[in-house]
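Enquirer: Here you go, this is final-v8.tsv (TSV, C-alpha atoms and all ligand atoms).
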chain	number	residue	atom	x	y	z
A	1	MET	CA	-41.41	-50.36	28.14
A	2	ASN	CA	-43.08	-47.09	29.08
A	3	LYS	CA	-44.30	-45.03	26.15
A	4	PRO	CA	-41.89	-42.10	25.61
A	5	ILE	CA	-43.45	-38.73	26.46
A	6	ALA	CA	-45.35	-37.01	23.65
A	7	LEU	CA	-45.01	-39.95	21.29
A	8	THR	CA	-48.73	-39.36	20.79
A	9	PRO	CA	-50.72	-36.20	21.68
A	10	PRO	CA	-50.86	-35.62	25.45
A	11	MET	CA	-54.22	-36.05	27.17
A	12	GLY	CA	-55.35	-34.48	30.42
A	13	TRP	CA	-57.26	-31.68	32.13
A	14	ASN	CA	-56.38	-27.99	32.51
A	15	SER	CA	-57.83	-25.43	34.93
A	16	TRP	CA	-58.06	-22.44	32.58
A	17	ASN	CA	-61.24	-22.86	30.54
A	18	THR	CA	-63.58	-23.12	33.49
A	19	PHE	CA	-61.73	-21.63	36.46
A	20	THR	CA	-59.23	-19.09	35.05
A	21	TRP	CA	-57.91	-17.14	38.11
A	22	ASP	CA	-60.20	-18.89	40.63
A	23	ILE	CA	-58.04	-21.91	41.41
A	24	ASN	CA	-56.99	-23.59	44.65
A	25	GLU	CA	-55.59	-26.86	45.93
A	26	LYS	CA	-58.94	-28.22	47.10
A	27	MET	CA	-60.46	-27.89	43.62
A	28	ILE	CA	-57.33	-29.34	41.99
A	29	CYS	CA	-57.37	-32.36	44.33
A	30	GLU	CA	-61.08	-32.91	43.66
A	31	MET	CA	-60.37	-32.84	39.93
A	32	ALA	CA	-57.61	-35.42	40.44
A	33	ASP	CA	-60.13	-37.63	42.27
A	34	ARG	CA	-62.65	-37.31	39.44
A	35	MET	CA	-60.02	-38.08	36.79
A	36	VAL	CA	-59.34	-41.40	38.46
A	37	GLU	CA	-62.79	-42.35	39.76
A	38	ASP	CA	-64.73	-41.49	36.60
A	39	GLY	CA	-62.42	-43.41	34.29
A	40	TYR	CA	-60.60	-40.52	32.58
A	41	LEU	CA	-57.15	-41.71	33.62
A	42	GLU	CA	-57.90	-45.20	32.40
A	43	ALA	CA	-59.04	-43.74	29.07
A	44	GLY	CA	-55.66	-41.99	28.70
A	45	TYR	CA	-56.12	-38.57	30.34
A	46	GLU	CA	-53.00	-38.52	32.49
A	47	TYR	CA	-51.91	-34.88	32.92
A	48	LEU	CA	-53.59	-32.60	35.46
A	49	VAL	CA	-52.43	-29.08	34.59
A	50	ILE	CA	-52.66	-25.89	36.67
A	51	ASP	CA	-52.76	-22.94	34.28
A	52	ASP	CA	-52.11	-19.23	34.94
A	53	CYS	CA	-52.70	-17.38	38.27
A	54	TRP	CA	-51.09	-19.88	40.65
A	55	SER	CA	-48.23	-17.71	41.94
A	56	LEU	CA	-47.72	-14.52	43.88
A	57	LYS	CA	-47.19	-11.34	41.88
A	58	GLN	CA	-43.54	-11.12	43.02
A	59	ARG	CA	-40.66	-13.57	43.07
A	60	ASP	CA	-38.94	-14.15	46.45
A	61	ALA	CA	-35.59	-12.63	47.48
A	62	ASP	CA	-33.72	-15.44	45.67
A	63	GLY	CA	-35.67	-14.87	42.48
A	64	ASN	CA	-37.86	-17.96	42.86
A	65	LEU	CA	-41.49	-18.17	41.82
A	66	VAL	CA	-43.75	-18.47	44.88
A	67	PRO	CA	-47.09	-20.31	44.89
A	68	ASP	CA	-49.91	-18.14	46.25
A	69	PRO	CA	-50.26	-19.35	49.87
A	70	GLU	CA	-53.98	-18.58	49.93
A	71	LYS	CA	-54.67	-20.73	46.89
A	72	PHE	CA	-52.06	-23.39	47.63
A	73	PRO	CA	-51.43	-23.33	51.41
A	74	HIS	CA	-49.49	-26.61	51.36
A	75	GLY	CA	-47.25	-25.55	48.45
A	76	MET	CA	-46.80	-27.12	45.04
A	77	LYS	CA	-44.85	-30.21	46.05
A	78	TRP	CA	-47.78	-31.23	48.24
A	79	VAL	CA	-50.24	-30.81	45.33
A	80	SER	CA	-47.90	-32.65	43.01
A	81	ASP	CA	-47.55	-35.54	45.51
A	82	TYR	CA	-51.33	-35.79	45.77
A	83	VAL	CA	-51.65	-35.89	41.99
A	84	HIS	CA	-48.86	-38.47	41.64
A	85	GLU	CA	-50.34	-40.70	44.34
A	86	LYS	CA	-53.45	-40.91	42.20
A	87	GLY	CA	-51.34	-42.23	39.33
A	88	LEU	CA	-51.65	-38.98	37.38
A	89	LYS	CA	-48.96	-36.62	36.09
A	90	PHE	CA	-48.68	-33.02	37.21
A	91	GLY	CA	-48.59	-29.96	34.94
A	92	MET	CA	-47.91	-26.28	35.53
A	93	TYR	CA	-47.80	-23.05	33.56
A	94	SER	CA	-45.35	-20.24	32.91
A	95	CYS	CA	-44.60	-17.76	30.17
A	96	ALA	CA	-41.73	-16.86	27.83
A	97	GLY	CA	-42.25	-13.16	28.56
A	98	THR	CA	-41.64	-11.02	31.63
A	99	HIS	CA	-45.20	-11.67	32.82
A	100	THR	CA	-47.85	-14.29	32.23
A	101	CYS	CA	-50.96	-13.32	30.31
A	102	ALA	CA	-52.76	-12.62	33.59
A	103	GLY	CA	-49.88	-10.48	34.87
A	104	TYR	CA	-47.99	-12.88	37.17
A	105	PRO	CA	-44.19	-13.23	36.88
A	106	GLY	CA	-43.05	-14.92	33.65
A	107	SER	CA	-39.89	-16.97	33.18
A	108	PHE	CA	-38.01	-14.53	30.93
A	109	GLU	CA	-34.35	-14.58	32.02
A	110	HIS	CA	-35.22	-17.01	34.81
A	111	GLU	CA	-35.61	-20.01	32.51
A	112	PHE	CA	-32.97	-22.29	34.02
A	113	GLN	CA	-33.83	-21.35	37.61
A	114	ASP	CA	-37.56	-21.93	37.03
A	115	ALA	CA	-37.01	-25.23	35.24
A	116	LYS	CA	-35.09	-26.45	38.32
A	117	LYS	CA	-37.90	-25.30	40.60
A	118	PHE	CA	-40.51	-27.08	38.47
A	119	ALA	CA	-38.42	-30.24	38.65
A	120	GLU	CA	-38.17	-29.87	42.45
A	121	TRP	CA	-41.95	-29.62	42.65
A	122	GLY	CA	-42.37	-32.79	40.61
A	123	VAL	CA	-43.75	-31.14	37.49
A	124	ASP	CA	-44.19	-33.44	34.45
A	125	TYR	CA	-45.66	-30.95	31.96
A	126	LEU	CA	-45.06	-27.24	31.41
A	127	LYS	CA	-47.35	-25.03	29.36
A	128	TYR	CA	-45.34	-22.04	28.18
A	129	ASP	CA	-47.21	-18.94	27.08
A	130	TYR	CA	-46.20	-15.91	24.99
A	131	CYS	CA	-47.49	-12.74	26.65
A	132	PHE	CA	-45.18	-9.80	27.53
A	133	LYS	CA	-42.38	-11.10	25.34
A	134	PRO	CA	-39.63	-8.50	24.98
A	135	ARG	CA	-40.01	-7.27	21.41
A	136	GLN	CA	-36.35	-7.36	20.47
A	137	ILE	CA	-35.95	-11.08	21.22
A	138	PRO	CA	-37.30	-13.64	18.76
A	139	GLY	CA	-39.78	-16.05	20.32
A	140	GLU	CA	-37.94	-18.88	18.66
A	141	ILE	CA	-34.92	-18.20	20.89
A	142	LEU	CA	-37.04	-18.14	24.03
A	143	TYR	CA	-38.68	-21.49	23.28
A	144	LYS	CA	-35.26	-22.97	22.53
A	145	ARG	CA	-34.03	-21.67	25.90
A	146	MET	CA	-36.81	-23.12	27.97
A	147	SER	CA	-36.67	-26.36	26.06
A	148	LEU	CA	-32.98	-26.76	26.88
A	149	ALA	CA	-33.57	-25.73	30.49
A	150	LEU	CA	-36.27	-28.39	30.86
A	151	LYS	CA	-34.25	-31.09	29.13
A	152	ASN	CA	-31.44	-30.45	31.61
A	153	CYS	CA	-33.39	-29.89	34.83
A	154	GLY	CA	-33.09	-33.46	36.05
A	155	ARG	CA	-36.68	-34.48	35.42
A	156	GLU	CA	-38.57	-35.49	32.31
A	157	ILE	CA	-40.97	-32.64	31.55
A	158	LEU	CA	-43.28	-32.39	28.57
A	159	PHE	CA	-42.87	-28.95	27.01
A	160	ALA	CA	-46.13	-27.47	25.73
A	161	ALA	CA	-45.41	-24.27	23.80
A	162	CYS	CA	-48.21	-21.73	23.45
A	163	ASN	CA	-47.52	-18.88	21.03
A	164	TRP	CA	-50.90	-19.11	19.28
A	165	GLY	CA	-49.53	-19.94	15.81
A	166	THR	CA	-47.64	-16.63	15.51
A	167	ASP	CA	-44.15	-15.73	14.26
A	168	GLY	CA	-43.88	-18.58	11.79
A	169	VAL	CA	-43.99	-21.17	14.58
A	170	TYR	CA	-44.62	-24.06	12.16
A	171	ASP	CA	-41.13	-23.62	10.71
A	172	TRP	CA	-39.09	-23.69	13.92
A	173	ILE	CA	-41.10	-25.31	16.67
A	174	ARG	CA	-40.11	-28.93	16.04
A	175	SER	CA	-36.40	-28.15	16.17
A	176	SER	CA	-36.87	-25.97	19.26
A	177	GLY	CA	-37.58	-29.14	21.23
A	178	ALA	CA	-41.21	-28.41	22.20
A	179	HIS	CA	-43.51	-31.44	22.36
A	180	THR	CA	-46.71	-29.59	21.48
A	181	TYR	CA	-47.37	-26.10	20.17
A	182	ARG	CA	-50.52	-24.03	20.26
A	183	SER	CA	-51.39	-23.08	16.71
A	184	THR	CA	-54.46	-21.00	17.46
A	185	GLY	CA	-55.78	-18.16	19.57
A	186	ASP	CA	-57.85	-19.01	22.63
A	187	ILE	CA	-60.85	-21.23	22.17
A	188	GLN	CA	-64.25	-20.01	23.33
A	189	ASP	CA	-67.17	-22.12	24.39
A	190	ASN	CA	-69.23	-21.71	21.24
A	191	TRP	CA	-69.71	-23.37	17.84
A	192	GLU	CA	-68.26	-20.51	15.83
A	193	SER	CA	-64.97	-20.62	17.74
A	194	ILE	CA	-64.70	-24.40	17.36
A	195	THR	CA	-65.28	-24.32	13.61
A	196	ASN	CA	-62.93	-21.35	13.09
A	197	LEU	CA	-60.09	-23.09	14.94
A	198	ALA	CA	-60.58	-26.34	13.04
A	199	ILE	CA	-60.74	-24.63	9.64
A	200	SER	CA	-57.62	-22.61	10.47
A	201	GLN	CA	-55.58	-25.83	10.86
A	202	MET	CA	-56.84	-27.71	7.83
A	203	GLY	CA	-54.06	-28.21	5.32
A	204	LYS	CA	-51.46	-27.95	8.09
A	205	GLU	CA	-51.08	-31.72	8.36
A	206	PRO	CA	-47.35	-31.69	7.53
A	207	TYR	CA	-46.80	-29.78	10.78
A	208	THR	CA	-47.88	-32.32	13.32
A	209	GLY	CA	-46.47	-35.67	14.28
A	210	ASN	CA	-44.79	-37.75	16.96
A	211	PHE	CA	-43.05	-35.67	19.65
A	212	CYS	CA	-44.29	-32.31	18.30
A	213	HIS	CA	-48.07	-32.11	18.04
A	214	ASN	CA	-50.23	-29.28	16.71
A	215	ASP	CA	-52.28	-28.10	19.70
A	216	MET	CA	-55.57	-26.52	18.63
A	217	ASP	CA	-56.27	-25.45	22.24
A	218	MET	CA	-58.06	-27.15	25.10
A	219	LEU	CA	-61.43	-28.80	24.85
A	220	VAL	CA	-64.61	-26.95	25.77
A	221	VAL	CA	-66.62	-30.20	25.71
A	222	GLY	CA	-69.26	-30.17	28.45
A	223	MET	CA	-68.74	-26.60	29.62
A	224	HIS	CA	-72.20	-25.47	28.57
A	225	GLY	CA	-71.31	-21.84	29.20
A	226	ALA	CA	-70.00	-22.46	32.73
A	227	SER	CA	-66.80	-20.47	32.93
A	228	ASN	CA	-66.01	-17.64	35.28
A	229	ASP	CA	-64.37	-15.88	32.35
A	230	GLY	CA	-66.82	-14.16	30.05
A	231	PHE	CA	-64.34	-14.29	27.19
A	232	ILE	CA	-64.16	-18.06	27.19
A	233	GLY	CA	-67.53	-19.04	28.41
A	234	SER	CA	-70.53	-17.69	30.09
A	235	LYS	CA	-71.27	-14.54	28.15
A	236	ILE	CA	-70.97	-16.10	24.77
A	237	GLY	CA	-72.04	-19.44	24.91
A	238	GLY	CA	-72.15	-23.03	25.31
A	239	CYS	CA	-72.77	-25.61	22.65
A	240	THR	CA	-75.18	-28.48	22.12
A	241	ASP	CA	-74.00	-31.99	22.96
A	242	GLN	CA	-73.95	-32.68	19.20
A	243	GLU	CA	-71.58	-29.74	18.69
A	244	TYR	CA	-69.32	-30.87	21.55
A	245	LEU	CA	-69.13	-34.32	19.99
A	246	THR	CA	-68.16	-32.81	16.63
A	247	HIS	CA	-65.52	-30.67	18.40
A	248	PHE	CA	-64.09	-33.76	20.11
A	249	ALA	CA	-64.05	-35.74	16.85
A	250	LEU	CA	-62.27	-32.89	15.03
A	251	TRP	CA	-59.59	-32.56	17.71
A	252	ALA	CA	-59.19	-36.35	17.87
A	253	ILE	CA	-58.77	-36.92	14.15
A	254	MET	CA	-56.64	-33.79	13.60
A	255	GLY	CA	-54.18	-35.08	16.22
A	256	SER	CA	-54.55	-32.25	18.73
A	257	PRO	CA	-53.76	-32.88	22.40
A	258	LEU	CA	-56.98	-33.78	24.22
A	259	ILE	CA	-56.92	-31.54	27.26
A	260	MET	CA	-60.33	-31.33	28.94
A	261	GLY	CA	-61.52	-28.01	30.32
A	262	CYS	CA	-64.93	-28.56	31.87
A	263	ASP	CA	-65.64	-28.98	35.57
A	264	LEU	CA	-65.39	-32.77	35.80
A	265	ARG	CA	-67.36	-32.73	39.05
A	266	LYS	CA	-70.38	-31.54	37.10
A	267	ALA	CA	-69.94	-33.48	33.84
A	268	SER	CA	-73.20	-34.91	32.49
A	269	GLU	CA	-73.51	-38.48	31.21
A	270	GLU	CA	-73.50	-37.14	27.63
A	271	THR	CA	-70.29	-35.20	28.30
A	272	LYS	CA	-68.61	-38.27	29.79
A	273	LYS	CA	-69.70	-40.38	26.84
A	274	THR	CA	-68.04	-37.96	24.44
A	275	LEU	CA	-64.83	-37.49	26.43
A	276	LEU	CA	-64.49	-41.23	27.05
A	277	ASN	CA	-65.24	-42.38	23.49
A	278	LYS	CA	-62.68	-45.17	23.07
A	279	ASP	CA	-62.73	-45.32	19.27
A	280	LEU	CA	-62.15	-41.56	18.88
A	281	ILE	CA	-59.39	-41.63	21.49
A	282	ALA	CA	-57.74	-44.56	19.70
A	283	ILE	CA	-57.66	-42.52	16.48
A	284	ASN	CA	-56.06	-39.60	18.32
A	285	GLN	CA	-53.55	-41.87	20.05
A	286	ASP	CA	-52.54	-43.85	16.96
A	287	LEU	CA	-48.82	-44.55	17.28
A	288	GLU	CA	-47.79	-42.96	13.98
A	289	SER	CA	-49.48	-39.60	14.73
A	290	ARG	CA	-50.00	-38.74	11.08
A	291	GLY	CA	-51.76	-35.51	10.24
A	292	ALA	CA	-55.21	-35.82	8.69
A	293	TYR	CA	-55.67	-34.67	5.10
A	294	VAL	CA	-58.76	-32.88	3.85
A	295	ILE	CA	-61.04	-33.90	1.02
A	296	LYS	CA	-63.38	-31.13	-0.03
A	297	PRO	CA	-66.50	-31.67	-2.10
A	298	LEU	CA	-66.95	-29.82	-5.38
A	299	PRO	CA	-66.98	-26.10	-4.57
A	300	ASP	CA	-70.17	-25.44	-6.52
A	301	VAL	CA	-72.16	-27.88	-4.37
A	302	TYR	CA	-71.56	-26.42	-0.90
A	303	ASN	CA	-70.39	-23.15	0.54
A	304	GLU	CA	-66.74	-23.15	1.50
A	305	ASN	CA	-65.95	-25.25	4.58
A	306	GLU	CA	-69.55	-26.27	5.04
A	307	ALA	CA	-68.83	-29.93	4.37
A	308	PHE	CA	-65.57	-31.86	4.13
A	309	THR	CA	-63.88	-35.12	5.01
A	310	LEU	CA	-60.75	-35.62	7.10
A	311	VAL	CA	-58.72	-38.77	6.59
A	312	LYS	CA	-55.99	-39.95	8.95
A	313	PRO	CA	-53.92	-42.96	7.92
A	314	LEU	CA	-53.39	-45.27	10.90
A	315	ALA	CA	-50.43	-47.43	11.85
A	316	ASP	CA	-52.17	-50.74	11.12
A	317	GLY	CA	-53.25	-49.79	7.59
A	318	ASP	CA	-56.77	-48.72	8.54
A	319	LEU	CA	-58.05	-45.23	7.75
A	320	ALA	CA	-59.82	-42.97	10.21
A	321	ILE	CA	-62.42	-41.05	8.26
A	322	GLY	CA	-64.44	-38.12	9.62
A	323	ILE	CA	-67.21	-36.65	7.47
A	324	PHE	CA	-68.22	-33.25	8.83
A	325	ASN	CA	-71.27	-31.10	8.23
A	326	PHE	CA	-70.85	-27.54	9.54
A	327	SER	CA	-74.04	-26.37	7.83
A	328	ASP	CA	-77.38	-25.68	9.50
A	329	THR	CA	-79.21	-28.54	7.80
A	330	GLN	CA	-78.79	-32.30	7.75
A	331	ARG	CA	-77.03	-33.45	4.56
A	332	GLU	CA	-76.17	-36.60	2.68
A	333	LEU	CA	-72.42	-36.29	2.08
A	334	SER	CA	-70.68	-38.59	-0.34
A	335	LEU	CA	-67.09	-39.74	0.04
A	336	GLU	CA	-65.53	-41.21	-3.12
A	337	PHE	CA	-62.91	-43.84	-2.26
A	338	TRP	CA	-60.91	-42.74	-5.31
A	339	ASP	CA	-59.95	-39.62	-3.32
A	340	MET	CA	-58.21	-41.82	-0.70
A	341	GLY	CA	-56.22	-43.81	-3.26
A	342	ILE	CA	-58.71	-46.61	-3.88
A	343	PRO	CA	-59.77	-46.90	-7.53
A	344	TYR	CA	-62.66	-49.25	-8.29
A	345	ALA	CA	-60.32	-51.47	-10.35
A	346	ALA	CA	-58.18	-52.17	-7.28
A	347	GLY	CA	-60.76	-54.69	-6.13
A	348	VAL	CA	-60.77	-53.34	-2.60
A	349	SER	CA	-63.70	-52.44	-0.42
A	350	LEU	CA	-63.85	-50.88	3.02
A	351	ALA	CA	-65.36	-52.48	6.11
A	352	LEU	CA	-66.59	-49.58	8.20
A	353	HIS	CA	-66.82	-49.39	11.97
A	354	ASP	CA	-68.86	-46.44	13.27
A	355	CYS	CA	-66.75	-44.77	15.97
A	356	ILE	CA	-69.68	-42.91	17.47
A	357	THR	CA	-72.35	-45.59	17.71
A	358	GLY	CA	-69.92	-48.53	17.89
A	359	GLU	CA	-71.82	-50.32	15.11
A	360	GLU	CA	-70.33	-52.31	12.24
A	361	LEU	CA	-71.76	-50.69	9.11
A	362	GLY	CA	-70.72	-53.41	6.66
A	363	GLU	CA	-68.59	-53.33	3.51
A	364	PHE	CA	-68.66	-50.47	1.01
A	365	THR	CA	-67.23	-50.21	-2.48
A	366	GLU	CA	-66.43	-47.02	-4.40
A	367	ARG	CA	-68.28	-44.63	-2.10
A	368	PHE	CA	-69.83	-44.06	1.30
A	369	ALA	CA	-72.64	-41.53	1.54
A	370	PRO	CA	-74.01	-41.18	5.07
A	371	VAL	CA	-76.58	-38.66	6.19
A	372	VAL	CA	-74.73	-36.29	8.51
A	373	PRO	CA	-76.65	-34.20	11.05
A	374	SER	CA	-76.37	-30.42	11.09
A	375	HIS	CA	-73.23	-29.34	13.03
A	376	GLY	CA	-72.49	-33.04	13.20
A	377	CYS	CA	-70.18	-35.71	11.91
A	378	VAL	CA	-69.90	-39.35	11.01
A	379	VAL	CA	-66.59	-40.92	12.00
A	380	VAL	CA	-65.63	-44.38	10.85
A	381	ARG	CA	-62.61	-46.60	11.08
A	382	ALA	CA	-62.15	-48.20	7.66
A	383	HIS	CA	-60.48	-51.57	7.22
A	384	LEU	CA	-59.41	-52.60	3.71
A	385	VAL	CA	-60.78	-55.91	2.46
A	386	GLU	CA	-60.28	-57.65	-0.86
A	387	LYS	CA	-63.47	-58.16	-2.82
B	401	LIG	C1	-53.28	-17.31	27.14
B	401	LIG	C2	-53.37	-18.77	26.72
B	401	LIG	C3	-54.53	-19.44	27.45
B	401	LIG	C4	-54.33	-19.31	28.96
B	401	LIG	C5	-54.18	-17.84	29.33
B	401	LIG	C6	-53.79	-17.66	30.78
B	401	LIG	O1	-54.36	-16.57	26.68
B	401	LIG	O2	-53.52	-18.89	25.33
B	401	LIG	O3	-54.63	-20.79	27.08
B	401	LIG	O4	-53.21	-20.03	29.35
B	401	LIG	O5	-53.18	-17.19	28.55
B	401	LIG	O6	-53.67	-16.31	31.13
Give the structure from this file in structure tokens form.
Expert:
Amino acid sequence: MNKPIALTPPMGWNSWNTFTWDINEKMICEMADRMVEDGYLEAGYEYLVIDDCWSLKQRDADGNLVPDPEKFPHGMKWVSDYVHEKGLKFGMYSCAGTHTCAGYPGSFEHEFQDAKKFAEWGVDYLKYDYCFKPRQIPGEILYKRMSLALKNCGREILFAACNWGTDGVYDWIRSSGAHTYRSTGDIQDNWESITNLAISQMGKEPYTGNFCHNDMDMLVVGMHGASNDGFIGSKIGGCTDQEYLTHFALWAIMGSPLIMGCDLRKASEETKKTLLNKDLIAINQDLESRGAYVIKPLPDVYNENEAFTLVKPLADGDLAIGIFNFSDTQRELSLEFWDMGIPYAAGVSLALHDCITGEELGEFTERFAPVVPSHGCVVVRAHLVEK
């Protein structure tokens, strides 16, 4: 049986982080090639998503959205066929408001017509933004509309809502029908942005799960400042490979969709190693999609949010454990098993598999206290064993 859509967080690639407005069919097809040839599809990255700026600024006489013929001379069905022939799924972008964030036509009051058009083009995933929303209409209603339109358009389409965590989205998004929902403002390619987004979603673990995943925004792994948009990339940034790995581990364990954003044609070996880390992907794709809970060390030992542990219970009884050090110095960080429900008297120890190095670390009782690099993490998969 095929896995139902959005059972686990979607994985793929999106054009926005690196290319923003500067997109075209040649680049999209090259990215599709890379996704297959470099092993991303095999690792689980199946959606190739075209973000904003793909259409003309006006709808046609029948009210249809029109792909920009300079960027997409063969039209969207042609691009979608190319993507599908590679074994990938095809994603597009629209907006709940009158215009998209970059000022192209939005789907407001064209929801059912646009959903049909997307189905005709072979779309499998729709990212749905929140700019230019008419003030008098609650966003909740607009996401419900598009969700219904997509469910009834004749094609199975994953619905990726994107209202940046505003308007109480946690309370209504699951029942709106969306499969993922952006809970944060736009990511930028720097360490501060990554840590801010992660911290903002800690403690929100009740609000993610199968078929409706908390989306902390797309990955900046491997961008190294290479974006044509100063806001996201070049003017502010880039990260070290260590920081990108920590970013990937956070998104993986917190259950966010893993949507790559770097130019895959230029990805370094280190970038590929991070994006293709099988153990981290397996944690993200665990079938039960449980949110990760946070264990914080005593507040008088570290500054707030400088060091903490995330624990995600997995379907087979293992625990995924990420120990994070956001501080500027290497630290020994101690995790007490008591905090995960394992008292010493239980007679249980944990066999730890290091998800970053692939090593078996052996069996631990009562506590695990690794040395964690600055801006780094240690992620283990813990298997319970009787002593
Ligand atoms: C918003 C979204 C981004 C991107 C842009 C496109 O800012 O949050 O992810 O889609 O719009 O304009």
Enquirer: How far is it from CA of Pro297 in chain A to CA of Asp186 in chain A, in Å with one decimal?
Expert: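 Spanning CA of Pro297 in chain A to CA of Asp186 in chain A is a straight-line distance of 29.1 Å.
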Enquirer: With all atoms listed in the file counted, collect every polymer residue having an atom within 8 Å of ligand LIG 401 (chain B); state the result as a PyMOL selection string.
Expert: chain A and resi 16-17+20+51-53+93+100-103+127+129-131+162-164+182+185-187+217-218
Enquirer: Using C-alpha atoms, can you write the selected residues to a file as a compact mmCIF listing (two decimals), keeping the file's coordinate frame?
Expert:
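What ended up in selection10.txt:
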# COMPACT_ATOMS: atom_id res chain seq x y z
CA TRP A 16 -58.06 -22.44 32.58
CA ASN A 17 -61.24 -22.86 30.54
CA THR A 20 -59.23 -19.09 35.05
CA ASP A 51 -52.76 -22.94 34.28
CA ASP A 52 -52.11 -19.23 34.94
CA CYS A 53 -52.70 -17.38 38.27
CA TYR A 93 -47.80 -23.05 33.56
CA THR A 100 -47.85 -14.29 32.23
CA CYS A 101 -50.96 -13.32 30.31
CA ALA A 102 -52.76 -12.62 33.59
CA GLY A 103 -49.88 -10.48 34.87
CA LYS A 127 -47.35 -25.03 29.36
CA ASP A 129 -47.21 -18.94 27.08
CA TYR A 130 -46.20 -15.91 24.99
CA CYS A 131 -47.49 -12.74 26.65
CA CYS A 162 -48.21 -21.73 23.45
CA ASN A 163 -47.52 -18.88 21.03
CA TRP A 164 -50.90 -19.11 19.28
CA ARG A 182 -50.52 -24.03 20.26
CA GLY A 185 -55.78 -18.16 19.57
CA ASP A 186 -57.85 -19.01 22.63
CA ILE A 187 -60.85 -21.23 22.17
CA ASP A 217 -56.27 -25.45 22.24
CA MET A 218 -58.06 -27.15 25.10
Enquirer: Just checking: using all atoms listed in the file, which residue out of A:Ala43, A:Ala226, A:Cys153, A:Ile28 ends up closest to Phe90 in chain A?
Expert: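 Of A:Ala43, A:Ala226, A:Cys153, A:Ile28, the one nearest Phe90 in chain A, counting all atoms listed in the file, is A:Ile28.
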Enquirer: To one decimal place, how far is CA of Ala292 in chain A from CA of Pro313 in chain A in Å?
Expert: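 Rounded to one decimal, the two atoms are 7.3 Å apart.
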Enquirer: Neighbouring residues of Arg381 in chain A were defined as those with any atom within 10 Å, considering all atoms listed in the file; residues of the same chain fewer than 2 positions away were excluded. Please report them as a VMD selection string.
Expert: chain A and resid 279 to 280 283 311 to 314 318 to 322 350 to 355 360 379 383
Enquirer: Within 8 Å of range 137-150 of chain A, counting only C-alpha atoms, which residues qualify if same-chain residues fewer than 5 places away don't, as a PyMOL selection string?
Expert: chain A and resi 96+108+111-112+115-116+130+155-157+159+161+167+169+172-173+176-178
Enquirer: With all atoms listed in the file as the counted atoms, please give the residues lying no more than 7 Å from Asn214 in chain A, apart from itself and same-chain residues fewer than 3 positions off, as a PDB file with C-alpha atoms, keeping the file's coordinate frame.
Expert:
ATOM      1  CA  THR A 180     -46.710 -29.590  21.480  1.00  0.00           C
ATOM      2  CA  TYR A 181     -47.370 -26.100  20.170  1.00  0.00           C
ATOM      3  CA  ARG A 182     -50.520 -24.030  20.260  1.00  0.00           C
ATOM      4  CA  SER A 183     -51.390 -23.080  16.710  1.00  0.00           C
ATOM      5  CA  TYR A 207     -46.800 -29.780  10.780  1.00  0.00           C
ATOM      6  CA  THR A 208     -47.880 -32.320  13.320  1.00  0.00           C
ATOM      7  CA  SER A 256     -54.550 -32.250  18.730  1.00  0.00           C
TER       8      SER A 256
END
Enquirer: A:Glu288, A:Glu25, A:Asp189, A:Glu332: which is nearest Phe211 in chain A, counting only C-alpha atoms?
Expert: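 Of A:Glu288, A:Glu25, A:Asp189, A:Glu332, the one nearest Phe211 in chain A is A:Glu288, counting only C-alpha atoms.
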Enquirer: Pick the closest to Thr309 in chain A from A:Val372, A:Tyr170, A:Asn277, A:Asn284: which is it, counting all atoms listed in the file?
Expert: A:Val372
Enquirer: Go through A:Ser289, A:Ser200, A:Gln330, A:Gln188 and flag the residue nearest Ala6 in chain A, using all atoms listed in the file for the distances.
Expert: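 Once distances to Ala6 in chain A are computed over all atoms listed in the file, the minimum belongs to A:Ser289.
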Enquirer: Determine, counting all atoms listed in the file, which protein, DNA and RNA residues have an atom within 6 Å of an atom of Gly12 in chain A; residues of the same chain fewer than 2 positions away are not included. Present the result as an mmCIF file with C-alpha atoms, in the frame of the given file.
Expert:
data_model
loop_
_atom_site.group_PDB
_atom_site.id
_atom_site.type_symbol
_atom_site.label_atom_id
_atom_site.label_comp_id
_atom_site.auth_asym_id
_atom_site.auth_seq_id
_atom_site.Cartn_x
_atom_site.Cartn_y
_atom_site.Cartn_z
ATOM 1 C CA TYR A 45 -56.120 -38.570 30.340
ATOM 2 C CA GLU A 46 -53.000 -38.520 32.490
ATOM 3 C CA TYR A 47 -51.910 -34.880 32.920
ATOM 4 C CA LEU A 48 -53.590 -32.600 35.460
ATOM 5 C CA ILE A 259 -56.920 -31.540 27.260
#
Enquirer: Just the number, please: distance in Å from CA of Trp121 in chain A to CA of Lys77 in chain A, one decimal.
Expert: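 Atom-to-atom, CA of Trp121 in chain A to CA of Lys77 in chain A, that is 4.5 Å.
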Enquirer: When you count only C-alpha atoms, which of these residues is closest to Arg174 in chain A: A:Arg290, A:Lys204, A:Lys272, A:His213?
Expert: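 Ranked by minimum distance to Arg174 in chain A, first place goes to A:His213.
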Enquirer: Just checking: using all atoms listed in the file, which residue out of A:Glu386, A:Asp124, A:Glu30, A:Asp215 ends up closest to Ile5 in chain A?
Expert: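 Looking only at the distances to Ile5 in chain A, the closest residue turns out to be A:Asp124.
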Enquirer: Excluding same-chain residues fewer than 2 positions from Pro370 in chain A, what lies within 10 Å of it counting only C-alpha atoms, as an MDAnalysis selection string?
Expert: chainID A and resid 323 331:335 367:368 372:373 377:378
Enquirer: Find the residues with any atom within 6 Å of (-55.7, -27.6, 35.2); use all atoms listed in the file and the coordinates as given in the file, and write the answer as JSON, numbers by chain.
Expert: {"A": [13, 14, 15, 48, 49, 50, 51]}
